[in-house]
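Trainee: My structure is below; once you've seen it, I'll send some questions.
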Amino acid sequence: MAVRRLSVALALLCGLAAGVAASSAEEREIVLATTTATQESGLLDYLLPIFRDKTGIDVTVIARRADEVLEGARRGEVDVVLMHARPQEEKFVADGFAAKRFDVMYNDYVLIGPKSDPAGVKGKDIATALKAIEAKGAPFVTRGDRSGTHAAELALWIVAGIDIARTKGAWYREAKQDMASALDAARVANAYVLSDRGSWIAFRERGDLDIVVEGDKRLLNQYGVMLVNPLKFPNVKKELGQDFVDWLISPDGQAAIAGYKVDGQQLFFPNADKSGG
């Protein structure tokens, strides 16, 4: 009888230990919300295994448009946000949904267009190029989906002094899809399109498209990372999420970002040393 009681006790103990281990494994996972362009670049497929090997923390990625990323974060559905729409990110912090935003890395936007360049914009600054495209009614594909890239494009039309909502015509075509789809639509239509450089490098079926405008300082594409405020949402995994934020802006994380290349080209440039936004 004593042996039987001991066996039962050992079985219960083993079951409890297994339950605790399973619970611990489940807890070492965070949810990261990011934009579709970030995911499509392949960067996270490269970074997250490095982070997991170092910390044992798994990261589940939800890739959405910029506005959807922040909508979900405002409902406390995710632990960490990584995106490239700084005005919206700063408002997110100001509204108390995150305590702080950190610069992580940057790349830039490029204006893509047909090699024949019907609007004659190659080598121009971005404002001059957009004015020429609008004046000539040259085909232009916009993402039109409230993404970070779409927001950047709309801001650039304003810089060019153009009210695109009023002046757009049949030449201005809305893809309402992700960056890869918008690039493909531009390829098919032999049109101009604004793209982040990472998506352009990763895009394979370019057809007659090429970069026509680049290097303008107004084309900077800054990425930021934020831990969703655990004071608003107790379900946020504060410690694990902060571990991810800290790693991204650490020398190790920054080196990993710099090490990601496609066809020998670096897609993102770390700049966390300028953090604190």
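By convention in this document, the chains of the structure tokens carry letters A, B, ... by their order, each chain's residues are numbered from 1, and ligands are numbered from 1 in the order they are shown.
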Pick out the residues sitting within 8 Å of stretch 222-230 of chain A, and hand them over as a PDB file with N, CA and C atoms, in the first residue's frame; count only C-alpha atoms, and ignore anything fewer than 4 positions along from it in its own chain.
Mentor:
ATOM      1  N   ALA A  73      -2.790  47.068 -31.603  1.00  0.00           N
ATOM      2  CA  ALA A  73      -2.004  47.404 -30.415  1.00  0.00           C
ATOM      3  C   ALA A  73      -2.821  48.236 -29.434  1.00  0.00           C
ATOM      4  N   GLY A  76      -4.635  46.087 -27.205  1.00  0.00           N
ATOM      5  CA  GLY A  76      -3.827  45.215 -26.361  1.00  0.00           C
ATOM      6  C   GLY A  76      -3.671  43.814 -26.904  1.00  0.00           C
ATOM      7  N   VAL A  78      -1.284  42.729 -28.918  1.00  0.00           N
ATOM      8  CA  VAL A  78       0.110  42.363 -29.181  1.00  0.00           C
ATOM      9  C   VAL A  78       0.995  42.898 -28.060  1.00  0.00           C
ATOM     10  N   ASP A  79       2.232  42.431 -28.046  1.00  0.00           N
ATOM     11  CA  ASP A  79       3.174  42.849 -27.013  1.00  0.00           C
ATOM     12  C   ASP A  79       4.118  43.954 -27.481  1.00  0.00           C
ATOM     13  N   VAL A  80       4.547  43.857 -28.727  1.00  0.00           N
ATOM     14  CA  VAL A  80       5.539  44.788 -29.267  1.00  0.00           C
ATOM     15  C   VAL A  80       5.115  45.219 -30.667  1.00  0.00           C
ATOM     16  N   VAL A  81       5.449  46.465 -31.006  1.00  0.00           N
ATOM     17  CA  VAL A  81       5.146  47.003 -32.328  1.00  0.00           C
ATOM     18  C   VAL A  81       6.451  47.428 -32.992  1.00  0.00           C
ATOM     19  N   LEU A  82       6.640  47.022 -34.248  1.00  0.00           N
ATOM     20  CA  LEU A  82       7.786  47.436 -35.058  1.00  0.00           C
ATOM     21  C   LEU A  82       7.241  47.932 -36.387  1.00  0.00           C
ATOM     22  N   MET A  83       7.454  49.227 -36.685  1.00  0.00           N
ATOM     23  CA  MET A  83       6.844  49.770 -37.901  1.00  0.00           C
ATOM     24  C   MET A  83       7.601  50.993 -38.397  1.00  0.00           C
ATOM     25  N   HIS A  84       7.116  51.573 -39.507  1.00  0.00           N
ATOM     26  CA  HIS A  84       7.795  52.709 -40.133  1.00  0.00           C
ATOM     27  C   HIS A  84       6.777  53.778 -40.528  1.00  0.00           C
ATOM     28  N   ALA A  85       6.137  54.346 -39.541  1.00  0.00           N
ATOM     29  CA  ALA A  85       5.186  55.438 -39.752  1.00  0.00           C
ATOM     30  C   ALA A  85       5.309  56.369 -38.540  1.00  0.00           C
ATOM     31  N   ARG A  86       6.386  57.137 -38.500  1.00  0.00           N
ATOM     32  CA  ARG A  86       6.761  57.845 -37.281  1.00  0.00           C
ATOM     33  C   ARG A  86       5.670  58.755 -36.703  1.00  0.00           C
ATOM     34  N   GLU A  89       3.355  56.589 -34.870  1.00  0.00           N
ATOM     35  CA  GLU A  89       4.026  55.991 -33.717  1.00  0.00           C
ATOM     36  C   GLU A  89       4.115  56.993 -32.566  1.00  0.00           C
ATOM     37  N   GLY A  96      -0.500  57.311 -24.690  1.00  0.00           N
ATOM     38  CA  GLY A  96      -0.278  56.443 -23.537  1.00  0.00           C
ATOM     39  C   GLY A  96      -0.300  54.960 -23.826  1.00  0.00           C
ATOM     40  N   PHE A  97      -0.277  54.571 -25.114  1.00  0.00           N
ATOM     41  CA  PHE A  97      -0.315  53.150 -25.444  1.00  0.00           C
ATOM     42  C   PHE A  97       1.079  52.511 -25.437  1.00  0.00           C
ATOM     43  N   ALA A  98       2.102  53.355 -25.348  1.00  0.00           N
ATOM     44  CA  ALA A  98       3.482  52.894 -25.147  1.00  0.00           C
ATOM     45  C   ALA A  98       4.197  53.972 -24.347  1.00  0.00           C
ATOM     46  N   ALA A  99       5.156  53.550 -23.543  1.00  0.00           N
ATOM     47  CA  ALA A  99       5.876  54.526 -22.723  1.00  0.00           C
ATOM     48  C   ALA A  99       6.949  55.234 -23.530  1.00  0.00           C
ATOM     49  N   LYS A 100       7.523  54.544 -24.518  1.00  0.00           N
ATOM     50  CA  LYS A 100       8.636  55.106 -25.265  1.00  0.00           C
ATOM     51  C   LYS A 100       8.770  54.427 -26.616  1.00  0.00           C
ATOM     52  N   ARG A 101       9.256  55.195 -27.563  1.00  0.00           N
ATOM     53  CA  ARG A 101       9.543  54.679 -28.905  1.00  0.00           C
ATOM     54  C   ARG A 101      11.046  54.765 -29.143  1.00  0.00           C
ATOM     55  N   PHE A 102      11.611  53.729 -29.751  1.00  0.00           N
ATOM     56  CA  PHE A 102      13.044  53.702 -30.019  1.00  0.00           C
ATOM     57  C   PHE A 102      13.293  53.591 -31.517  1.00  0.00           C
ATOM     58  N   ASP A 103      14.195  54.418 -32.035  1.00  0.00           N
ATOM     59  CA  ASP A 103      14.684  54.197 -33.392  1.00  0.00           C
ATOM     60  C   ASP A 103      15.393  52.846 -33.428  1.00  0.00           C
ATOM     61  N   VAL A 104      15.231  52.131 -34.525  1.00  0.00           N
ATOM     62  CA  VAL A 104      15.864  50.827 -34.679  1.00  0.00           C
ATOM     63  C   VAL A 104      16.787  50.803 -35.899  1.00  0.00           C
ATOM     64  N   MET A 105      16.258  51.258 -37.026  1.00  0.00           N
ATOM     65  CA  MET A 105      16.978  51.132 -38.293  1.00  0.00           C
ATOM     66  C   MET A 105      16.273  52.014 -39.311  1.00  0.00           C
ATOM     67  N   TYR A 106      16.899  52.159 -40.453  1.00  0.00           N
ATOM     68  CA  TYR A 106      16.267  52.902 -41.531  1.00  0.00           C
ATOM     69  C   TYR A 106      16.669  52.286 -42.863  1.00  0.00           C
ATOM     70  N   ASN A 107      15.845  52.521 -43.843  1.00  0.00           N
ATOM     71  CA  ASN A 107      16.273  52.414 -45.227  1.00  0.00           C
ATOM     72  C   ASN A 107      15.684  53.632 -45.928  1.00  0.00           C
ATOM     73  N   ASP A 108      15.352  53.551 -47.170  1.00  0.00           N
ATOM     74  CA  ASP A 108      14.773  54.727 -47.810  1.00  0.00           C
ATOM     75  C   ASP A 108      13.731  54.297 -48.824  1.00  0.00           C
ATOM     76  N   PRO A 234      -2.678  44.543 -18.840  1.00  0.00           N
ATOM     77  CA  PRO A 234      -1.904  43.627 -17.986  1.00  0.00           C
ATOM     78  C   PRO A 234      -1.495  42.334 -18.669  1.00  0.00           C
ATOM     79  N   ASN A 235      -2.165  41.987 -19.782  1.00  0.00           N
ATOM     80  CA  ASN A 235      -1.812  40.758 -20.504  1.00  0.00           C
ATOM     81  C   ASN A 235      -0.525  40.899 -21.313  1.00  0.00           C
ATOM     82  N   VAL A 236      -0.053  42.123 -21.505  1.00  0.00           N
ATOM     83  CA  VAL A 236       1.192  42.337 -22.246  1.00  0.00           C
ATOM     84  C   VAL A 236       2.347  41.702 -21.474  1.00  0.00           C
ATOM     85  N   LYS A 237       3.173  40.949 -22.185  1.00  0.00           N
ATOM     86  CA  LYS A 237       4.309  40.271 -21.552  1.00  0.00           C
ATOM     87  C   LYS A 237       5.470  41.257 -21.450  1.00  0.00           C
ATOM     88  N   LYS A 238       5.440  42.005 -20.369  1.00  0.00           N
ATOM     89  CA  LYS A 238       6.344  43.144 -20.196  1.00  0.00           C
ATOM     90  C   LYS A 238       7.810  42.746 -20.274  1.00  0.00           C
ATOM     91  N   GLY A 241       8.727  41.071 -23.738  1.00  0.00           N
ATOM     92  CA  GLY A 241       8.648  42.084 -24.783  1.00  0.00           C
ATOM     93  C   GLY A 241       9.785  43.080 -24.687  1.00  0.00           C
ATOM     94  N   GLN A 242      10.102  43.483 -23.445  1.00  0.00           N
ATOM     95  CA  GLN A 242      11.213  44.412 -23.259  1.00  0.00           C
ATOM     96  C   GLN A 242      12.538  43.767 -23.639  1.00  0.00           C
ATOM     97  N   VAL A 245      12.785  44.276 -27.349  1.00  0.00           N
ATOM     98  CA  VAL A 245      13.121  45.670 -27.654  1.00  0.00           C
ATOM     99  C   VAL A 245      14.591  45.941 -27.357  1.00  0.00           C
TER     100      VAL A 245
END
Trainee: May I have the residues within 9 Å of stretch 156-167 of chain A as a short mmCIF file (atom, residue, chain, number, x, y, z; two decimals) with N, CA and C atoms, in the first residue's frame, using only C-alpha atoms and disregarding those fewer than 6 positions away in the same chain?
Mentor:
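Writing done, so here's part_38.cif:
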data_model
loop_
_atom_site.label_atom_id
_atom_site.label_comp_id
_atom_site.auth_asym_id
_atom_site.auth_seq_id
_atom_site.Cartn_x
_atom_site.Cartn_y
_atom_site.Cartn_z
N ILE A 126 12.51 64.39 -55.49
CA ILE A 126 11.20 63.74 -55.45
C ILE A 126 10.04 64.71 -55.72
N ALA A 127 10.14 65.94 -55.23
CA ALA A 127 9.05 66.90 -55.45
C ALA A 127 8.93 67.24 -56.94
N THR A 128 10.05 67.50 -57.59
CA THR A 128 10.04 67.80 -59.02
C THR A 128 9.51 66.61 -59.81
N ALA A 129 9.89 65.41 -59.41
CA ALA A 129 9.43 64.21 -60.12
C ALA A 129 7.92 64.05 -60.01
N LEU A 130 7.38 64.22 -58.83
CA LEU A 130 5.93 64.06 -58.67
C LEU A 130 5.16 65.13 -59.43
N LYS A 131 5.69 66.36 -59.45
CA LYS A 131 5.04 67.42 -60.22
C LYS A 131 4.99 67.06 -61.70
N GLU A 134 2.40 64.23 -62.34
CA GLU A 134 1.02 64.74 -62.29
C GLU A 134 0.71 65.61 -63.51
N ARG A 218 14.29 63.53 -48.20
CA ARG A 218 12.87 63.41 -47.84
C ARG A 218 12.35 61.99 -48.06
N LEU A 219 13.19 61.11 -48.59
CA LEU A 219 12.80 59.72 -48.82
C LEU A 219 13.27 58.79 -47.70
#
Trainee: Do you have the atom CA of A:Val141-atom CA of A:Gln265 distance handy?
Mentor: 25.4 Å
Trainee: So how many Å separate atom CA of A:Pro139 and atom CA of A:Glu214, to one decimal?
Mentor: 19.0 Å
Trainee: Quick one: which stretch 219-274 of chain A residues come within 12 Å of stretch 188-200 of chain A, and what is the nearest atom pair for each with the distance in Å to one decimal, counting only C-alpha atoms, rows ordered by chain and ascending number, as CSV?
Mentor:
residue,atom,partner,partner_atom,distance
A:Leu219,CA,A:Asp196,CA,8.9
A:Leu220,CA,A:Asp196,CA,9.3
A:Asn221,CA,A:Asp196,CA,7.4
A:Gln222,CA,A:Asp196,CA,10.6
A:Tyr223,CA,A:Asp196,CA,11.6
A:Tyr260,CA,A:Gly198,CA,10.7
A:Lys261,CA,A:Gly198,CA,9.6
A:Val262,CA,A:Gly198,CA,8.8
A:Asp263,CA,A:Gly198,CA,11.5
A:Gln265,CA,A:Gly198,CA,9.3
A:Gln266,CA,A:Gly198,CA,8.5
A:Leu267,CA,A:Gly198,CA,5.1
A:Phe268,CA,A:Gly198,CA,7.4
A:Phe269,CA,A:Gly198,CA,10.8
Trainee: List every residue of stretch 31-266 of chain A that DSSP, applied to the backbone, labels as alpha helix (DSSP H), and write the result as an MDAnalysis selection string.
Mentor: chainID A and resid 36:40 43:55 66:74 86:94 126:136 148:159 164:167 179:189 197:202 238:248 251:259
Trainee: I need the residues of stretch 16-230 of chain A that end up classed as strand (DSSP E) by DSSP on the backbone, written out as a ChimeraX atom specification.
Mentor: /A:29-35,58-64,80-83,98-114,140-142,172-174,192-196,209-213,220-228
Trainee: Let's have the selection written as a tab-separated table (two decimals), in the first residue's frame, with C-alpha atoms.
Mentor:
chain	number	residue	atom	x	y	z
A	29	GLU	CA	6.55	33.73	-26.43
A	30	ILE	CA	5.57	37.23	-27.51
A	31	VAL	CA	3.42	38.62	-30.29
A	32	LEU	CA	5.02	41.20	-32.56
A	33	ALA	CA	2.90	43.43	-34.80
A	34	THR	CA	4.66	44.82	-37.84
A	35	THR	CA	3.95	46.16	-41.29
A	58	ASP	CA	9.68	32.73	-29.57
A	59	VAL	CA	8.13	35.59	-31.52
A	60	THR	CA	4.82	35.25	-33.34
A	61	VAL	CA	4.52	37.86	-36.10
A	62	ILE	CA	1.32	39.56	-37.20
A	63	ALA	CA	1.92	41.59	-40.38
A	64	ARG	CA	-0.68	44.21	-41.26
A	80	VAL	CA	5.54	44.79	-29.27
A	81	VAL	CA	5.15	47.00	-32.33
A	82	LEU	CA	7.79	47.44	-35.06
A	83	MET	CA	6.84	49.77	-37.90
A	98	ALA	CA	3.48	52.89	-25.15
A	99	ALA	CA	5.88	54.53	-22.72
A	100	LYS	CA	8.64	55.11	-25.26
A	101	ARG	CA	9.54	54.68	-28.91
A	102	PHE	CA	13.04	53.70	-30.02
A	103	ASP	CA	14.68	54.20	-33.39
A	104	VAL	CA	15.86	50.83	-34.68
A	105	MET	CA	16.98	51.13	-38.29
A	106	TYR	CA	16.27	52.90	-41.53
A	107	ASN	CA	16.27	52.41	-45.23
A	108	ASP	CA	14.77	54.73	-47.81
A	109	TYR	CA	11.99	55.07	-50.30
A	110	VAL	CA	12.72	55.01	-53.99
A	111	LEU	CA	10.59	56.12	-56.90
A	112	ILE	CA	10.30	53.27	-59.36
A	113	GLY	CA	9.35	53.84	-62.96
A	114	PRO	CA	9.65	52.57	-66.53
A	140	PHE	CA	1.25	56.04	-61.23
A	141	VAL	CA	0.34	53.17	-58.92
A	142	THR	CA	-0.40	54.01	-55.29
A	172	TYR	CA	-3.49	57.56	-60.56
A	173	ARG	CA	-4.29	53.90	-59.90
A	174	GLU	CA	-4.98	52.40	-56.50
A	192	TYR	CA	5.59	54.81	-61.56
A	193	VAL	CA	5.29	53.70	-57.93
A	194	LEU	CA	6.84	54.64	-54.59
A	195	SER	CA	8.47	51.68	-52.81
A	196	ASP	CA	10.66	51.14	-49.80
A	209	LEU	CA	10.97	48.95	-64.15
A	210	ASP	CA	13.97	50.58	-62.52
A	211	ILE	CA	14.80	53.16	-59.86
A	212	VAL	CA	14.33	56.65	-61.29
A	213	VAL	CA	14.58	58.81	-58.14
A	220	LEU	CA	14.20	58.54	-45.48
A	221	ASN	CA	12.24	55.58	-44.10
A	222	GLN	CA	12.77	55.32	-40.34
A	223	TYR	CA	11.68	52.28	-38.31
A	224	GLY	CA	10.75	52.37	-34.63
A	225	VAL	CA	9.96	49.78	-31.96
A	226	MET	CA	7.63	50.11	-28.96
A	227	LEU	CA	6.54	47.91	-26.07
A	228	VAL	CA	2.77	48.13	-25.67
Trainee: Between atom CA of A:Trp171 and atom CA of A:Arg146, what distance in Å does the model show, to one decimal?
Mentor: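 It comes out at 19.5 Å.
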